[in-house]
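Shown here: input_6.txt, compact mmCIF, C-alpha atoms and all ligand atoms.
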```txt
# COMPACT_ATOMS: atom_id res chain seq x y z
CA MET A 237 -20.57 84.73 69.36
CA THR A 238 -17.83 83.39 71.66
CA VAL A 239 -17.92 79.99 73.35
CA ARG A 240 -15.52 78.54 75.93
CA VAL A 241 -14.95 74.78 75.94
CA PRO A 242 -12.96 72.47 78.24
CA ALA A 243 -10.37 69.72 77.66
CA LYS A 244 -11.20 66.21 78.86
CA LEU A 245 -9.42 63.44 80.70
CA ASN A 246 -10.48 59.78 80.68
CA LEU A 247 -10.56 58.53 84.28
CA GLN A 248 -11.19 55.06 82.89
CA LEU A 249 -10.77 53.97 79.27
CA SER A 250 -11.80 50.36 78.70
CA VAL A 251 -11.24 49.46 75.06
CA GLY A 252 -12.92 46.50 73.36
CA PRO A 253 -12.16 44.84 70.04
CA PRO A 254 -12.04 46.74 66.75
CA ARG A 255 -15.42 47.00 65.01
CA GLY A 256 -16.18 46.65 61.33
CA ASP A 257 -16.34 50.44 60.92
CA GLY A 258 -12.76 51.01 62.13
CA TYR A 259 -13.78 52.18 65.60
CA HIS A 260 -13.42 50.32 68.90
CA ASP A 261 -16.30 49.66 71.26
CA LEU A 262 -15.40 51.21 74.56
CA ILE A 263 -16.57 52.23 77.97
CA THR A 264 -14.97 55.37 79.31
CA VAL A 265 -15.37 57.84 82.16
CA PHE A 266 -14.96 61.33 80.71
CA HIS A 267 -14.02 64.20 83.03
CA ALA A 268 -13.95 67.83 81.85
CA VAL A 269 -11.12 69.96 83.29
CA SER A 270 -10.41 73.68 83.53
CA LEU A 271 -8.16 74.03 80.49
CA PHE A 272 -10.20 75.92 77.92
CA ASP A 273 -10.15 76.84 74.26
CA GLU A 274 -12.23 79.79 73.08
CA VAL A 275 -14.01 79.85 69.74
CA THR A 276 -15.56 82.94 68.15
CA VAL A 277 -17.78 82.68 65.05
CA ARG A 278 -18.90 85.61 62.90
CA SER A 279 -21.03 85.66 59.77
CA ALA A 280 -18.80 85.95 56.69
CA ASP A 281 -18.83 85.45 52.90
CA ARG A 282 -16.96 82.16 53.05
CA VAL A 283 -16.02 79.57 55.69
CA SER A 284 -12.58 80.28 57.15
CA VAL A 285 -10.64 79.14 60.20
CA ARG A 286 -8.02 81.14 62.05
CA VAL A 287 -6.11 79.53 64.92
CA THR A 288 -3.91 81.27 67.49
CA GLY A 289 -2.21 80.07 70.68
CA GLU A 290 -0.94 76.67 71.84
CA GLY A 291 0.13 74.51 68.87
CA ALA A 292 -1.73 76.74 66.38
CA ALA A 293 0.62 75.83 63.52
CA SER A 294 -0.25 72.11 63.73
CA VAL A 295 -4.04 72.55 63.60
CA PRO A 296 -5.29 71.61 60.13
CA ALA A 297 -6.75 74.62 58.32
CA GLY A 298 -9.73 74.79 55.97
CA ARG A 299 -11.97 71.83 55.22
CA ALA A 300 -9.95 69.29 57.25
CA ASN A 301 -10.49 71.32 60.41
CA LEU A 302 -12.98 69.70 62.81
CA ALA A 303 -14.51 73.08 63.71
CA ALA A 304 -15.18 73.86 60.03
CA ARG A 305 -16.69 70.38 59.64
CA ALA A 306 -18.93 71.02 62.65
CA ALA A 307 -20.18 74.33 61.18
CA ARG A 308 -20.92 72.65 57.84
CA ALA A 309 -22.65 69.67 59.50
CA LEU A 310 -24.88 72.01 61.52
CA ALA A 311 -25.74 74.13 58.48
CA ALA A 312 -26.60 71.01 56.46
CA ALA A 313 -28.85 69.68 59.24
CA ALA A 314 -30.59 72.87 60.37
CA LEU A 315 -30.54 75.56 57.67
CA SER A 316 -32.27 75.73 54.30
CA ARG A 317 -29.90 75.78 51.32
CA ARG A 318 -30.69 79.43 50.65
CA THR A 319 -29.78 80.59 54.17
CA LYS A 320 -26.38 82.22 54.41
CA SER A 321 -24.29 79.88 56.53
CA ALA A 322 -20.66 80.93 55.95
CA VAL A 323 -18.78 81.82 59.12
CA GLN A 324 -15.34 82.97 60.10
CA ILE A 325 -14.17 80.70 62.93
CA GLU A 326 -11.50 82.04 65.24
CA ILE A 327 -9.98 79.52 67.67
CA ARG A 328 -7.83 80.62 70.60
CA LYS A 329 -6.07 77.46 71.76
CA ARG A 330 -4.81 76.55 75.19
CA ILE A 331 -5.52 72.82 74.82
CA PRO A 332 -2.53 71.23 73.05
CA VAL A 333 -3.14 69.56 69.69
CA ALA A 334 -3.18 65.73 69.35
CA ALA A 335 -2.39 65.40 73.06
CA GLY A 336 -5.12 63.03 74.28
CA LEU A 337 -7.17 65.93 75.67
CA ALA A 338 -9.76 66.07 72.85
CA GLY A 339 -8.81 69.63 71.88
CA GLY A 340 -10.03 69.28 68.29
CA SER A 341 -13.31 67.78 69.48
CA ALA A 342 -13.64 70.64 71.98
CA ASP A 343 -13.25 73.22 69.20
CA ALA A 344 -15.86 71.38 67.12
CA ALA A 345 -18.29 71.37 70.07
CA ALA A 346 -17.70 75.08 70.72
CA THR A 347 -18.32 75.84 67.04
CA LEU A 348 -21.59 73.89 67.15
CA VAL A 349 -22.81 75.84 70.18
CA ALA A 350 -21.68 79.19 68.71
CA CYS A 351 -23.24 78.61 65.28
CA ASN A 352 -26.38 77.21 66.87
CA GLU A 353 -26.78 80.50 68.76
CA LEU A 354 -25.77 82.68 65.81
CA TRP A 355 -28.21 81.01 63.44
CA ARG A 356 -30.93 80.47 66.10
CA THR A 357 -31.58 77.02 64.64
CA GLY A 358 -34.00 75.96 67.37
CA LEU A 359 -32.49 72.46 67.42
CA SER A 360 -32.96 70.43 70.61
CA GLN A 361 -29.98 69.35 72.73
CA ALA A 362 -30.53 65.78 71.50
CA GLU A 363 -30.37 66.90 67.85
CA LEU A 364 -27.22 68.89 68.54
CA ARG A 365 -25.65 65.86 70.25
CA GLU A 366 -26.41 63.73 67.21
CA ILE A 367 -24.66 66.21 64.89
CA ALA A 368 -21.78 66.34 67.38
CA ALA A 369 -21.39 62.54 67.24
CA SER A 370 -21.25 62.66 63.44
CA VAL A 371 -18.26 65.03 63.67
CA GLY A 372 -16.24 62.94 66.19
CA SER A 373 -16.58 60.43 69.04
CA ASP A 374 -15.52 62.91 71.77
CA VAL A 375 -17.53 65.90 70.52
CA PRO A 376 -20.81 65.10 72.40
CA PHE A 377 -18.92 65.01 75.70
CA ALA A 378 -17.34 68.42 75.06
CA LEU A 379 -20.92 69.74 74.75
CA LEU A 380 -22.01 68.09 78.01
CA GLY A 381 -18.94 68.51 80.28
CA GLY A 382 -18.87 67.40 83.92
CA THR A 383 -18.12 63.72 84.44
CA ALA A 384 -19.93 61.18 82.27
CA VAL A 385 -19.78 57.56 81.21
CA GLY A 386 -19.31 57.18 77.45
CA GLN A 387 -20.27 54.01 75.55
CA GLY A 388 -20.32 52.85 71.95
CA ARG A 389 -17.38 54.67 70.39
CA GLY A 390 -17.61 57.22 73.23
CA GLU A 391 -20.55 59.20 71.86
CA ARG A 392 -23.35 57.63 73.98
CA LEU A 393 -23.26 59.49 77.29
CA THR A 394 -24.71 59.14 80.77
CA ALA A 395 -23.91 61.86 83.32
CA ALA A 396 -22.14 60.48 86.40
CA LEU A 397 -22.68 61.44 90.02
CA VAL A 398 -19.46 62.95 91.37
CA ALA A 399 -18.76 64.68 94.68
CA GLY A 400 -16.18 67.38 95.23
CA THR A 401 -13.48 68.90 93.05
CA TYR A 402 -10.43 67.05 91.83
CA HIS A 403 -7.04 68.74 91.44
CA TRP A 404 -4.87 67.59 88.55
CA VAL A 405 -1.46 68.35 87.15
CA LEU A 406 -1.09 67.77 83.42
CA ALA A 407 2.36 67.18 81.96
CA PHE A 408 2.49 68.10 78.28
CA SER A 409 4.80 66.19 76.00
CA THR A 410 6.86 67.33 73.06
CA GLY A 411 5.27 66.11 69.85
CA ALA A 412 1.90 64.55 69.25
CA LEU A 413 0.38 61.07 69.06
CA SER A 414 -2.14 60.15 66.39
CA THR A 415 -5.26 58.56 67.88
CA PRO A 416 -5.65 55.91 65.11
CA ASP A 417 -1.95 54.97 65.53
CA VAL A 418 -2.42 54.42 69.27
CA TYR A 419 -5.55 52.27 68.78
CA ALA A 420 -3.68 50.23 66.13
CA ALA A 421 -0.72 49.75 68.52
CA CYS A 422 -3.17 48.61 71.22
CA ASP A 423 -4.58 45.95 68.84
CA ARG A 424 -1.05 44.78 67.94
CA LEU A 425 0.10 44.52 71.56
CA ARG A 426 -3.05 42.57 72.46
CA ALA A 427 -2.56 40.15 69.55
CA VAL A 428 1.03 39.46 70.61
CA ARG A 429 0.04 38.98 74.26
CA ALA A 430 -2.90 36.73 73.30
CA ALA A 431 -0.73 34.50 71.07
CA ARG A 432 1.80 34.17 73.89
CA ALA A 433 -0.88 33.29 76.47
CA GLU A 434 -2.38 30.69 74.14
CA SER A 435 0.94 29.04 73.36
CA GLU A 436 2.00 28.93 77.04
CA LEU A 437 -1.27 27.26 77.97
CA ALA A 438 -1.08 24.85 75.01
CA GLN A 439 2.45 23.84 76.03
CA ALA A 440 1.28 23.14 79.57
CA SER A 441 -1.92 21.26 78.81
CA GLY A 442 -2.19 20.76 75.04
CA PRO A 443 -4.37 22.75 72.61
CA SER A 444 -8.05 22.80 73.55
CA GLN A 445 -11.18 24.90 73.41
CA ARG A 446 -9.92 26.58 76.61
CA THR A 447 -6.66 27.75 75.01
CA ARG A 448 -8.64 29.27 72.14
CA THR A 449 -10.96 31.06 74.60
CA VAL A 450 -7.98 32.46 76.51
CA ARG A 451 -6.60 33.82 73.25
CA GLN A 452 -9.90 35.36 72.20
CA GLU A 453 -10.41 37.04 75.56
CA ALA A 454 -6.89 38.48 75.60
CA GLU A 455 -7.18 39.69 72.01
CA ALA A 456 -10.66 41.14 72.27
CA PRO A 457 -11.65 41.85 75.88
CA ARG A 458 -15.16 43.12 76.50
CA PRO A 459 -15.12 46.71 77.79
CA ALA A 460 -16.47 47.07 81.33
CA LEU A 461 -17.17 50.00 83.65
CA SER A 462 -15.26 50.03 86.93
CA MET A 463 -17.96 50.21 89.61
CA GLU A 464 -15.19 50.75 92.20
CA LEU A 465 -14.21 53.94 90.38
CA MET A 466 -17.83 55.14 90.23
CA VAL A 467 -18.23 54.57 94.00
CA ALA A 468 -14.93 56.37 94.69
CA LEU A 469 -15.99 59.35 92.54
CA ARG A 470 -19.22 59.58 94.49
CA SER A 471 -17.25 59.64 97.76
CA GLY A 472 -15.35 62.75 96.67
CA ASN A 473 -12.13 61.27 98.09
CA PRO A 474 -9.16 61.67 95.70
CA SER A 475 -7.15 59.07 97.67
CA ALA A 476 -9.80 56.50 96.75
CA VAL A 477 -10.00 57.64 93.11
CA GLY A 478 -6.24 57.79 92.40
CA PRO A 479 -5.42 54.05 92.41
CA LEU A 480 -8.54 53.27 90.33
CA LEU A 481 -7.63 55.44 87.31
CA SER A 482 -7.03 53.16 84.31
CA ASN A 483 -6.41 53.45 80.61
CA ASP A 484 -6.26 50.46 78.23
CA LEU A 485 -4.48 52.67 75.67
CA GLN A 486 -1.63 53.43 78.07
CA PRO A 487 0.64 50.48 77.14
CA ALA A 488 0.20 51.39 73.47
CA ALA A 489 0.96 55.09 74.04
CA VAL A 490 4.03 54.15 76.13
CA SER A 491 5.22 51.69 73.46
CA LEU A 492 5.10 54.51 70.89
CA ARG A 493 6.60 57.09 73.29
CA PRO A 494 8.79 55.23 75.84
CA GLU A 495 9.78 58.48 77.58
CA LEU A 496 6.23 58.62 79.04
CA ARG A 497 7.26 55.83 81.43
CA ARG A 498 9.68 58.24 83.10
CA THR A 499 7.10 61.03 83.26
CA LEU A 500 4.55 58.72 84.95
CA ALA A 501 7.17 57.39 87.38
CA ALA A 502 8.27 60.94 88.28
CA GLY A 503 4.67 61.94 89.10
CA ARG A 504 4.19 58.89 91.34
CA GLU A 505 7.52 59.52 93.05
CA PHE A 506 6.49 63.12 93.80
CA GLY A 507 3.36 61.91 95.58
CA ALA A 508 0.62 61.86 92.93
CA LEU A 509 -2.36 59.78 94.09
CA GLY A 510 -2.80 58.50 90.55
CA ALA A 511 -0.78 58.79 87.35
CA ILE A 512 -2.19 58.08 83.94
CA VAL A 513 -1.76 58.77 80.23
CA SER A 514 -4.73 60.88 79.12
CA GLY A 515 -6.76 59.18 76.36
CA SER A 516 -4.46 58.27 73.48
CA GLY A 517 -1.70 60.48 74.96
CA PRO A 518 0.93 61.76 75.10
CA THR A 519 -0.27 64.11 77.90
CA CYS A 520 0.05 62.56 81.37
CA ALA A 521 -2.43 63.43 84.13
CA PHE A 522 -1.61 63.29 87.85
CA LEU A 523 -4.20 63.46 90.61
CA ALA A 524 -3.32 65.44 93.74
CA ALA A 525 -4.99 65.42 97.18
CA ASP A 526 -5.83 69.15 97.09
CA ALA A 527 -4.86 72.48 95.51
CA ASP A 528 -1.69 72.87 97.62
CA ARG A 529 -0.46 69.35 96.83
CA ALA A 530 -1.14 70.03 93.15
CA LYS A 531 1.01 73.16 93.35
CA GLU A 532 3.88 71.20 94.97
CA LEU A 533 3.57 68.43 92.41
CA ALA A 534 3.65 70.92 89.54
CA VAL A 535 6.81 72.53 90.95
CA SER A 536 8.51 69.12 91.41
CA LEU A 537 7.62 67.94 87.89
CA THR A 538 8.82 71.21 86.39
CA GLY A 539 12.08 70.87 88.36
CA ALA A 540 12.54 67.30 87.12
CA GLY A 541 12.27 68.59 83.55
CA VAL A 542 9.83 65.95 82.37
CA GLY A 543 7.93 66.76 79.20
CA ARG A 544 7.70 70.31 77.95
CA GLY A 545 5.72 71.91 80.74
CA VAL A 546 2.97 71.38 83.27
CA VAL A 547 -0.34 73.02 84.05
CA ARG A 548 -2.70 72.70 87.03
CA VAL A 549 -6.39 72.15 86.35
CA LYS A 550 -9.57 71.30 88.26
CA GLY A 551 -12.45 69.05 87.39
CA PRO A 552 -15.23 68.56 86.81
CA VAL A 553 -16.19 71.73 84.92
CA GLY A 554 -19.15 72.39 82.62
CA GLY A 555 -19.18 71.79 78.87
CA ALA A 556 -19.14 74.25 75.96
CA ALA A 557 -20.84 77.50 77.05
CA VAL A 558 -21.51 80.90 75.49
CA MET A 559 -19.26 83.61 76.97
CA ALA A 560 -20.27 86.65 74.95
CA ALA A 561 -22.33 87.69 71.99
CA GLU A 562 -21.27 90.65 69.87
CA PRO A 563 -23.96 93.27 69.35
CA GLY A 564 -25.84 92.95 66.08
O1 LIG A 601 -14.19 59.79 66.32
P1 LIG A 601 -12.86 60.38 65.98
O2 LIG A 601 -12.81 60.85 64.55
O3 LIG A 601 -12.40 61.40 66.94
O4 LIG A 601 -11.82 59.17 66.09
C1 LIG A 601 -10.53 59.28 65.57
C2 LIG A 601 -9.95 57.89 65.34
O5 LIG A 601 -9.72 57.26 66.60
C3 LIG A 601 -10.85 56.94 64.59
O6 LIG A 601 -10.70 57.07 63.21
C4 LIG A 601 -10.35 55.57 65.07
O7 LIG A 601 -9.16 55.20 64.41
C5 LIG A 601 -9.97 55.86 66.52
N1 LIG A 601 -11.07 55.51 67.44
C6 LIG A 601 -11.37 54.18 67.68
N2 LIG A 601 -12.39 53.85 68.54
C7 LIG A 601 -13.09 54.82 69.17
C8 LIG A 601 -12.80 56.19 68.96
C9 LIG A 601 -11.78 56.50 68.08
O8 LIG A 601 -10.74 53.28 67.12
N3 LIG A 601 -14.05 54.47 70.02
```
Could you show the structure in this file as structure tokens?
Amino acid sequence: MTVRVPAKLNLQLSVGPPRGDGYHDLITVFHAVSLFDEVTVRSADRVSVRVTGEGAASVPAGRANLAARAARALAAAALSRRTKSAVQIEIRKRIPVAAGLAGGSADAAATLVACNELWRTGLSQAELREIAASVGSDVPFALLGGTAVGQGRGERLTAALVAGTYHWVLAFSTGALSTPDVYAACDRLRAVRAARAESELAQASGPSQRTRTVRQEAEAPRPALSMELMVALRSGNPSAVGPLLSNDLQPAAVSLRPELRRTLAAGREFGALGAIVSGSGPTCAFLAADADRAKELAVSLTGAGVGRGVVRVKGPVGGAAVMAAEPG
């Protein structure tokens, strides 16, 4: 059973304060793009994972692998203990690893869909989504695809109304960024900024309830959906969407990888309508007016030698979908 699954961008990523469980409450606009991994599962005597393609060597093997975790979570939820549930999972990667494109989550979603078909579990979409959320915050969106608003830690989804097709250039970066590291850097930067804002205000007008409120709001802003972005997406006009792309994790990603500043500036200089770090980075995403402009932008970015390569993609595309089933 072979399933194809897309990478995602976050067109908006509004991050709230850290929660007690180590996650951050957020509101995000997910957007699936035409950069796909392929996952094949076959019945086997034991669970194994084989990875080929982009960044294969840095994908954790065995139990730590998200795809293996997804297969085990599905078996635990849907199969009786006596049912044979071991599978060989083969992942052909095109989505770079730890790049802010949810590649690991995509592979987990593809494995869920593939095993669900292979085992004919009869689970509903809602049940599958719940198992997906237990494997990772971005896994439910990789099942759904398209463009969707994510809430909670990103796992609660509402499909969004979007007109037209958007043309993107992705600039890959050398090396990876760890998602928890980027969230932690975001918290640190906010704490520093909040302390500074409080002390400036206190110097001007003396400490008060207001200075404390300013600090709290800067340290722990409430995540909010950009209605302007939602209206622009409905218009299908990339020129309206470009300036409204936003990512609260971007300052943190740039603080950990300062060279991203140059990559983003190069994209803007070459005419991108919007330039943004994707999720926790380090991949940068540039919005172009149409397919031809995307081609020009890709050529210019390649010529400028930023990052380690570029790829053109389109969005939105559908979520994890069965491509082929082997006979028998
Ligand atoms: O859900 P997932 O395992 O993909 O998340 C990886 C890490 O990213 C979490 O352990 C957490 O550190 C961070 N994260 C977060 N808030 C979210 C999603 C992820 O802090 N909403």
* Write out as a ChimeraX atom specification each polymer residue (protein, DNA or RNA) that has an atom no more than 9 Å from ligand LIG 601 (chain A), with all atoms listed in the file counted. => /A:251-252,254-255,257-263,338,340-341,369-375,387-391,414-420,516
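With distances restricted to all atoms listed in the file, A:Asp484 is the closest residue to Arg458 of chain A from A:Arg365, A:Gly411, A:Asp484, A:Ser471.
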* Could you work out how far atom CA of Val269 of chain A lies from atom CA of Ala362 of chain A, giving the answer in Å with one decimal? -> 23.1 Å
* Asked: In file coordinates, which residues lie within 9 Å of (4.9, 49.2, 72.4) using all atoms listed in the file, given as number ranges by chain?
  -> A: 421-422, 424-425, 487-494
* Can you work out the spacing between atom CA of Gly339 of chain A and atom CA of Gly555 of chain A in Å, to one decimal? =>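 These atoms are spaced 12.7 Å apart.
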* Which residue of A:Leu406, A:Ala309, A:Ala378, A:Ala427 approaches His267 of chain A most closely, using all atoms listed in the file -> A:Ala378
* For atom CA of Ser321 of chain A and atom CA of Arg356 of chain A, quote the distance in Å rounded to one decimal. =>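 Going from atom CA of Ser321 of chain A over to atom CA of Arg356 of chain A covers 11.7 Å.
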Draw an axis-aligned box over all listed atoms of segment 246-264 of chain A, pad each side with 4 Å, and write its centre and edge lengths in Å, one decimal, as lines of an AutoDock Vina configuration file.
```
center_x = -13.5
center_y = 52.3
center_z = 72.6
size_x = 14.1
size_y = 22.9
size_z = 31.4
```
* Could you tell me which of A:Ser514, A:Thr499, A:Gln324, A:Ser409 comes closest to Gly291 of chain A if we count only C-alpha atoms? =>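 Among A:Ser514, A:Thr499, A:Gln324, A:Ser409, it is A:Ser409 that comes nearest to Gly291 of chain A.
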Determine, for each residue of segment 338-399 of chain A having at least one atom at most 6 Å from an atom of segment 293-307 of chain A, the closest pair of atoms and their separation in Å to one decimal, counting all atoms listed in the file; order by chain and ascending number, as JSON lines.
```
{"residue": "A:Asp343", "atom": "CA", "partner": "A:Ala303", "partner_atom": "CA", "distance": 5.6}
{"residue": "A:Ala344", "atom": "CA", "partner": "A:Ala303", "partner_atom": "CA", "distance": 4.0}
{"residue": "A:Thr347", "atom": "CA", "partner": "A:Ala303", "partner_atom": "CA", "distance": 5.8}
{"residue": "A:Leu348", "atom": "CA", "partner": "A:Ala306", "partner_atom": "CA", "distance": 6.0}
```
* **Which of A:Gly386, A:Gly400, A:Gly515, A:Gly551 sits closest to Leu485 of chain A [using all atoms listed in the file]** =>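 Of all the options, A:Gly515 lies closest to Leu485 of chain A.
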* Would you please work out which residue, of A:Ala440, A:Leu354, A:Ala346, A:Leu380, is nearest to Val553 of chain A when using only C-alpha atoms? =>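 When distances to Val553 of chain A are compared using only C-alpha atoms, the smallest one comes from A:Leu380.
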* Non-local contacts of Ala407 of chain A (6 Å; only C-alpha atoms; under 6 positions in same chain excluded) as an NGL selection string -> :A and (519-520 or 545-546)
* Selection near Glu326 of chain A, 8 Å with all atoms listed in the file, sequence-local residues under 2 positions removed, as a ChimeraX atom specification -> /A:275-277,285-288,324,328
* How would you write as number ranges by chain the residues that get within 10 Å of (-10.6, 60.0, 95.5) in the file's frame, counting all atoms listed in the file? -> A: 399-402, 465, 467-481, 509-510, 523-525
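Proximity of A:Leu337, A:Gln445, A:Ala268, A:Thr238 to Met559 of chain A, computed with all atoms listed in the file, is greatest for A:Thr238.
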All heavy atoms are what I want for segment 344-353 of chain A; can you complete it accordingly and write them as an mmCIF file, in the coordinates of the input?
```
data_model
loop_
_atom_site.group_PDB
_atom_site.id
_atom_site.type_symbol
_atom_site.label_atom_id
_atom_site.label_comp_id
_atom_site.auth_asym_id
_atom_site.auth_seq_id
_atom_site.Cartn_x
_atom_site.Cartn_y
_atom_site.Cartn_z
ATOM 1 N N ALA A 344 -14.682 71.716 67.924
ATOM 2 C CA ALA A 344 -15.860 71.380 67.120
ATOM 3 C C ALA A 344 -17.136 71.609 67.933
ATOM 4 O O ALA A 344 -18.113 72.179 67.435
ATOM 5 C CB ALA A 344 -15.773 69.927 66.650
ATOM 6 N N ALA A 345 -17.112 71.190 69.202
ATOM 7 C CA ALA A 345 -18.290 71.370 70.070
ATOM 8 C C ALA A 345 -18.576 72.855 70.275
ATOM 9 O O ALA A 345 -19.733 73.293 70.214
ATOM 10 C CB ALA A 345 -18.049 70.683 71.417
ATOM 11 N N ALA A 346 -17.519 73.630 70.511
ATOM 12 C CA ALA A 346 -17.700 75.080 70.720
ATOM 13 C C ALA A 346 -18.280 75.723 69.465
ATOM 14 O O ALA A 346 -19.157 76.593 69.550
ATOM 15 C CB ALA A 346 -16.362 75.716 71.075
ATOM 16 N N THR A 347 -17.814 75.290 68.303
ATOM 17 C CA THR A 347 -18.320 75.840 67.040
ATOM 18 C C THR A 347 -19.804 75.511 66.863
ATOM 19 O O THR A 347 -20.589 76.352 66.419
ATOM 20 C CB THR A 347 -17.490 75.292 65.857
ATOM 21 O OG1 THR A 347 -16.118 75.602 66.101
ATOM 22 C CG2 THR A 347 -17.935 75.895 64.535
ATOM 23 N N LEU A 348 -20.174 74.278 67.239
ATOM 24 C CA LEU A 348 -21.590 73.890 67.150
ATOM 25 C C LEU A 348 -22.456 74.801 68.021
ATOM 26 O O LEU A 348 -23.493 75.302 67.571
ATOM 27 C CB LEU A 348 -21.786 72.440 67.611
ATOM 28 C CG LEU A 348 -21.436 71.338 66.631
ATOM 29 C CD1 LEU A 348 -21.708 69.975 67.271
ATOM 30 C CD2 LEU A 348 -22.246 71.478 65.344
ATOM 31 N N VAL A 349 -22.025 75.009 69.263
ATOM 32 C CA VAL A 349 -22.810 75.840 70.180
ATOM 33 C C VAL A 349 -22.877 77.282 69.657
ATOM 34 O O VAL A 349 -23.943 77.913 69.653
ATOM 35 C CB VAL A 349 -22.196 75.805 71.610
ATOM 36 C CG1 VAL A 349 -22.849 76.837 72.522
ATOM 37 C CG2 VAL A 349 -22.368 74.412 72.205
ATOM 38 N N ALA A 350 -21.725 77.795 69.187
ATOM 39 C CA ALA A 350 -21.680 79.190 68.710
ATOM 40 C C ALA A 350 -22.553 79.378 67.474
ATOM 41 O O ALA A 350 -23.347 80.326 67.408
ATOM 42 C CB ALA A 350 -20.225 79.577 68.414
ATOM 43 N N CYS A 351 -22.439 78.475 66.505
ATOM 44 C CA CYS A 351 -23.240 78.610 65.280
ATOM 45 C C CYS A 351 -24.717 78.390 65.578
ATOM 46 O O CYS A 351 -25.587 79.041 64.996
ATOM 47 C CB CYS A 351 -22.776 77.612 64.214
ATOM 48 S SG CYS A 351 -21.167 78.007 63.536
ATOM 49 N N ASN A 352 -24.999 77.492 66.497
ATOM 50 C CA ASN A 352 -26.380 77.210 66.870
ATOM 51 C C ASN A 352 -27.050 78.472 67.435
ATOM 52 O O ASN A 352 -28.206 78.763 67.139
ATOM 53 C CB ASN A 352 -26.401 76.085 67.910
ATOM 54 C CG ASN A 352 -27.769 75.502 68.092
ATOM 55 O OD1 ASN A 352 -28.470 75.258 67.117
ATOM 56 N ND2 ASN A 352 -28.170 75.296 69.336
ATOM 57 N N GLU A 353 -26.277 79.240 68.218
ATOM 58 C CA GLU A 353 -26.780 80.500 68.760
ATOM 59 C C GLU A 353 -26.901 81.552 67.659
ATOM 60 O O GLU A 353 -27.904 82.250 67.531
ATOM 61 C CB GLU A 353 -25.832 81.029 69.849
ATOM 62 C CG GLU A 353 -25.848 80.226 71.121
ATOM 63 C CD GLU A 353 -27.134 80.401 71.898
ATOM 64 O OE1 GLU A 353 -27.620 81.545 71.993
ATOM 65 O OE2 GLU A 353 -27.672 79.390 72.391
#
```
